[in-house]
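Worksheet: the structure to be examined is printed underneath.
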Amino acid sequence: MASSDERRFAVLRAIVADYVSSQEPVASKAIVERHNLGVSSATVRNDMASLEEDGYIAQPHTSAGRIPTDKGYRLFVDRLSEVKPLSGAERRAIQSFLDGAIDLDDVLRRSVRMLAQLTRQVAVIQYPTLTHSLVRHIELVRLTPARVMLVLITDNGRVDQRMIDLGDVITDDAVGRLRTMLNTTLVDHRLTDAAAMVSELLEEAPSELRDAMTRIATVLVESLVEHPEERLVLGGTANLTRNVADFPGSLRQVLEALEEQVVVLKLFAAAGSPGTITVRIGEENEAEEMRSTSVVSIGYGVHQTLLGGMGVVGPTRMDYPGTIAAVRAVANYVGDILAGR
């Protein structure tokens, strides 16, 4: 790139940095004073005029200063050669906070809380998708003579509990036989395949266990084919309301879109392999309600298997390097924890 282009980019970078930290439009005088660009204020003014002409910065009506446009933020993000790493203290805090999690639900709840704290934005995480989950174990516990609890445990730590009324008295021995049949047939199969295999269980069940197995199978299929990937965990929604000025007239729309979840799930649906960061800025968001926001998202998973998406939603005026680093770090820890479960 020619040096004049490099210098123009340095001016843009200075405007982004100052506007993100101060929320105030940035004037050429401030750039000369605060950033050691080694050029005169006249040169900075010329560069700003040129950046404005090309649509990278704009002048709000009430101010002499300039603010970055979506196009300006996009150029800034595309040229982020280095993302500032999290400090050792931040990484240790993430690790100790997430290591304390007791199950998958807890891992996800803690992850969004941590991400919302680190970025001071709204954090969102998607439940692991069913497509890759395997049945790790099925537990059957007799609660009363005619009632059992079915516990389905998957390889990524999801635990699903259901109560089943059998309509008839059952012995501990019969419960043990049913448990063995369920595990022998379904363990280590994908959830989606396991649902189709439940009919085999009914055919193989001895006549005295067939009624109980039918009731168990009905409930089990519901557990297997439910779609937890359509569930999101949100944290830090109140962070959006700190700077209402960042969402001219549309904060309510953003909050409603987050609440409905569909918009965010669509964003995550595009996630590639684990570890790939996607940044959508303002107008790049397909959903109209999200066009005053930027979304920094990443796929998380175990090894190269994608389990779901997570990310941060905030105003376009955000600390992109810091947010990208935090999203990446939390996704890595979640992947490590799920791999170790």
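By convention here, the chains of the structure tokens are called A, B, ... in the order presented, each chain's residues are numbered starting at 1, and ligands are numbered starting at 1 in the order presented.
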
task: Assign secondary structure with DSSP using the backbone only, and return the residues of stretch 145-261 of chain A in strand (DSSP E or B) as a PyMOL selection string.
output: chain A and resi 147-154+159-165+190+232-235

- request: Step one, run DSSP on the backbone; step two, keep only residues of stretch 19-170 of chain A assigned to helix (DSSP H, G or I); then write them as an MDAnalysis selection string.
  value: chainID A and resid 19:22 28:34 41:53 70:78 88:99 104:119 130:132

query: What's the 9 Å shell around stretch 290-294 of chain A, counting only C-alpha atoms, without same-chain residues fewer than 2 positions away, as JSON, numbers by chain?
result: {"A": [246, 247, 248, 250, 251, 253, 254, 257, 263, 279, 280, 281, 282, 283, 284, 285, 286, 287, 288, 296, 312, 313, 314, 315, 316, 317, 318]}

- prompt: Could you pull the residues within 7 Å of stretch 232-238 of chain A, counting only C-alpha atoms, minus those fewer than 6 positions along the same chain, as a ChimeraX atom specification?
  reply: /A:108-109,112-113,116,121-127,261

- prompt: So, counting only C-alpha atoms, which residue among A:Met310, A:Val20, A:Leu150, A:Val221 is closest to A:Gly275?
  reply: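 Of all the options, A:Met310 lies closest to A:Gly275.
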
- prompt: Could you name the residues that touch stretch 74-89 of chain A at 7 Å or less, counting only C-alpha atoms, but leaving out those on the same chain fewer than 4 positions away, as a PyMOL selection string?
  reply: chain A and resi 13+70+93+281+321-322+325-326

Writing out the chosen residues with C-alpha atoms as a PDB file, in the first residue's frame:
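Written file, part14.pdb:
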ATOM      1  CA  ARG A  13      -7.315   4.181  13.225  1.00  0.00           C
ATOM      2  CA  ASP A  70     -19.748   1.147   9.215  1.00  0.00           C
ATOM      3  CA  ALA A  93      -9.968 -15.502  35.843  1.00  0.00           C
ATOM      4  CA  ILE A 281     -20.812  -4.412  11.388  1.00  0.00           C
ATOM      5  CA  PRO A 321      -9.500  -5.889  19.239  1.00  0.00           C
ATOM      6  CA  GLY A 322     -10.440  -6.420  22.904  1.00  0.00           C
ATOM      7  CA  ALA A 325      -9.652 -11.486  22.006  1.00  0.00           C
ATOM      8  CA  ALA A 326     -12.253 -12.112  24.733  1.00  0.00           C
TER       9      ALA A 326
END

- prompt: Within 12 Å of A:Ser4, counting only C-alpha atoms, which residues qualify if same-chain residues fewer than 5 places away don't, as a PyMOL selection string?
  reply: chain A and resi 9-11+39+43-44+46-47+50-51

Saved selection, atoms kept: N, CA and C atoms, as a PDB file, in the first residue's frame:
ATOM      1  N   PHE A   9      -4.868   5.541   6.669  1.00  0.00           N
ATOM      2  CA  PHE A   9      -5.362   4.473   7.554  1.00  0.00           C
ATOM      3  C   PHE A   9      -4.984   4.777   9.008  1.00  0.00           C
ATOM      4  N   ALA A  10      -3.786   5.351   9.213  1.00  0.00           N
ATOM      5  CA  ALA A  10      -3.367   5.717  10.582  1.00  0.00           C
ATOM      6  C   ALA A  10      -4.317   6.770  11.160  1.00  0.00           C
ATOM      7  N   VAL A  11      -4.762   7.692  10.300  1.00  0.00           N
ATOM      8  CA  VAL A  11      -5.720   8.724  10.744  1.00  0.00           C
ATOM      9  C   VAL A  11      -7.057   8.056  11.091  1.00  0.00           C
ATOM     10  N   VAL A  39       2.881  14.219  11.197  1.00  0.00           N
ATOM     11  CA  VAL A  39       2.482  15.077  10.063  1.00  0.00           C
ATOM     12  C   VAL A  39       1.761  16.312  10.601  1.00  0.00           C
ATOM     13  N   THR A  43      -2.199  18.344   6.929  1.00  0.00           N
ATOM     14  CA  THR A  43      -2.181  17.019   6.279  1.00  0.00           C
ATOM     15  C   THR A  43      -3.282  16.134   6.862  1.00  0.00           C
ATOM     16  N   VAL A  44      -3.430  16.168   8.198  1.00  0.00           N
ATOM     17  CA  VAL A  44      -4.478  15.357   8.852  1.00  0.00           C
ATOM     18  C   VAL A  44      -5.855  15.797   8.350  1.00  0.00           C
ATOM     19  N   ASN A  46      -6.568  17.174   5.461  1.00  0.00           N
ATOM     20  CA  ASN A  46      -6.712  16.672   4.083  1.00  0.00           C
ATOM     21  C   ASN A  46      -7.079  15.189   4.076  1.00  0.00           C
ATOM     22  N   ASP A  47      -6.373  14.409   4.926  1.00  0.00           N
ATOM     23  CA  ASP A  47      -6.654  12.973   4.999  1.00  0.00           C
ATOM     24  C   ASP A  47      -8.085  12.727   5.474  1.00  0.00           C
ATOM     25  N   SER A  50     -10.466  13.366   2.680  1.00  0.00           N
ATOM     26  CA  SER A  50     -10.418  12.262   1.730  1.00  0.00           C
ATOM     27  C   SER A  50     -11.148  11.021   2.284  1.00  0.00           C
ATOM     28  N   LEU A  51     -10.952  10.735   3.592  1.00  0.00           N
ATOM     29  CA  LEU A  51     -11.647   9.598   4.229  1.00  0.00           C
ATOM     30  C   LEU A  51     -13.162   9.813   4.212  1.00  0.00           C
TER      31      LEU A  51
END

Computed interatomic separation between atom CA of A:Thr192 and atom CA of A:Arg162 (Å):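 For atom CA of A:Thr192 relative to atom CA of A:Arg162, the distance reads 18.3 Å.
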
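Relative to atom CA of A:Tyr333, atom CA of A:Arg242 is found at 28.2 Å.
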
- request: Could you tell me how far atom CA of A:Thr180 lies from atom CA of A:Ala195, in Å and to one decimal?
  value: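 Computing the Euclidean distance for atom CA of A:Thr180 and atom CA of A:Ala195 yields 17.0 Å.
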
Near-A:Glu90 list (12 Å; only C-alpha atoms; drop same-chain fewer than 5 positions) as a list in words: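 Residues near the query, excluding close chain neighbours: Pro85, Gln95, Ser96, Phe97, Met114, Leu115, Gln117, Leu118, Thr119, Gly322, Ala325, Ala326, Ala329 and Val330 of chain A.
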
Export of the given selection (N, CA and C atoms) as an mmCIF file, in the first residue's frame:
data_model
loop_
_atom_site.group_PDB
_atom_site.id
_atom_site.type_symbol
_atom_site.label_atom_id
_atom_site.label_comp_id
_atom_site.auth_asym_id
_atom_site.auth_seq_id
_atom_site.Cartn_x
_atom_site.Cartn_y
_atom_site.Cartn_z
ATOM 1 N N PRO A 85 -3.729 -9.576 23.070
ATOM 2 C CA PRO A 85 -4.089 -10.768 23.838
ATOM 3 C C PRO A 85 -4.643 -10.364 25.197
ATOM 4 N N GLN A 95 -10.366 -19.095 33.363
ATOM 5 C CA GLN A 95 -10.157 -20.519 33.626
ATOM 6 C C GLN A 95 -10.746 -20.931 34.977
ATOM 7 N N SER A 96 -10.442 -20.155 36.030
ATOM 8 C CA SER A 96 -10.919 -20.582 37.353
ATOM 9 C C SER A 96 -12.437 -20.469 37.441
ATOM 10 N N PHE A 97 -13.009 -19.454 36.772
ATOM 11 C CA PHE A 97 -14.468 -19.280 36.817
ATOM 12 C C PHE A 97 -15.166 -20.427 36.085
ATOM 13 N N MET A 114 -19.109 -14.363 31.991
ATOM 14 C CA MET A 114 -17.700 -13.979 31.869
ATOM 15 C C MET A 114 -17.499 -13.077 30.643
ATOM 16 N N LEU A 115 -18.098 -13.489 29.525
ATOM 17 C CA LEU A 115 -17.924 -12.747 28.276
ATOM 18 C C LEU A 115 -18.566 -11.355 28.381
ATOM 19 N N GLN A 117 -18.913 -9.649 31.124
ATOM 20 C CA GLN A 117 -18.063 -8.832 32.006
ATOM 21 C C GLN A 117 -16.816 -8.347 31.271
ATOM 22 N N LEU A 118 -16.185 -9.246 30.508
ATOM 23 C CA LEU A 118 -14.938 -8.886 29.822
ATOM 24 C C LEU A 118 -15.152 -7.816 28.758
ATOM 25 N N THR A 119 -16.295 -7.896 28.049
ATOM 26 C CA THR A 119 -16.507 -7.000 26.901
ATOM 27 C C THR A 119 -17.438 -5.834 27.221
ATOM 28 N N GLY A 322 -10.204 -5.831 21.582
ATOM 29 C CA GLY A 322 -10.440 -6.420 22.904
ATOM 30 C C GLY A 322 -11.583 -7.424 22.874
ATOM 31 N N ALA A 325 -10.525 -10.685 21.129
ATOM 32 C CA ALA A 325 -9.652 -11.486 22.006
ATOM 33 C C ALA A 325 -10.468 -12.210 23.074
ATOM 34 N N ALA A 326 -11.443 -11.506 23.661
ATOM 35 C CA ALA A 326 -12.253 -12.112 24.733
ATOM 36 C C ALA A 326 -13.123 -13.236 24.189
ATOM 37 N N ALA A 329 -10.932 -16.264 23.455
ATOM 38 C CA ALA A 329 -10.428 -16.940 24.665
ATOM 39 C C ALA A 329 -11.524 -17.758 25.339
ATOM 40 N N VAL A 330 -12.717 -17.171 25.487
ATOM 41 C CA VAL A 330 -13.802 -17.903 26.170
ATOM 42 C C VAL A 330 -14.205 -19.121 25.344
#
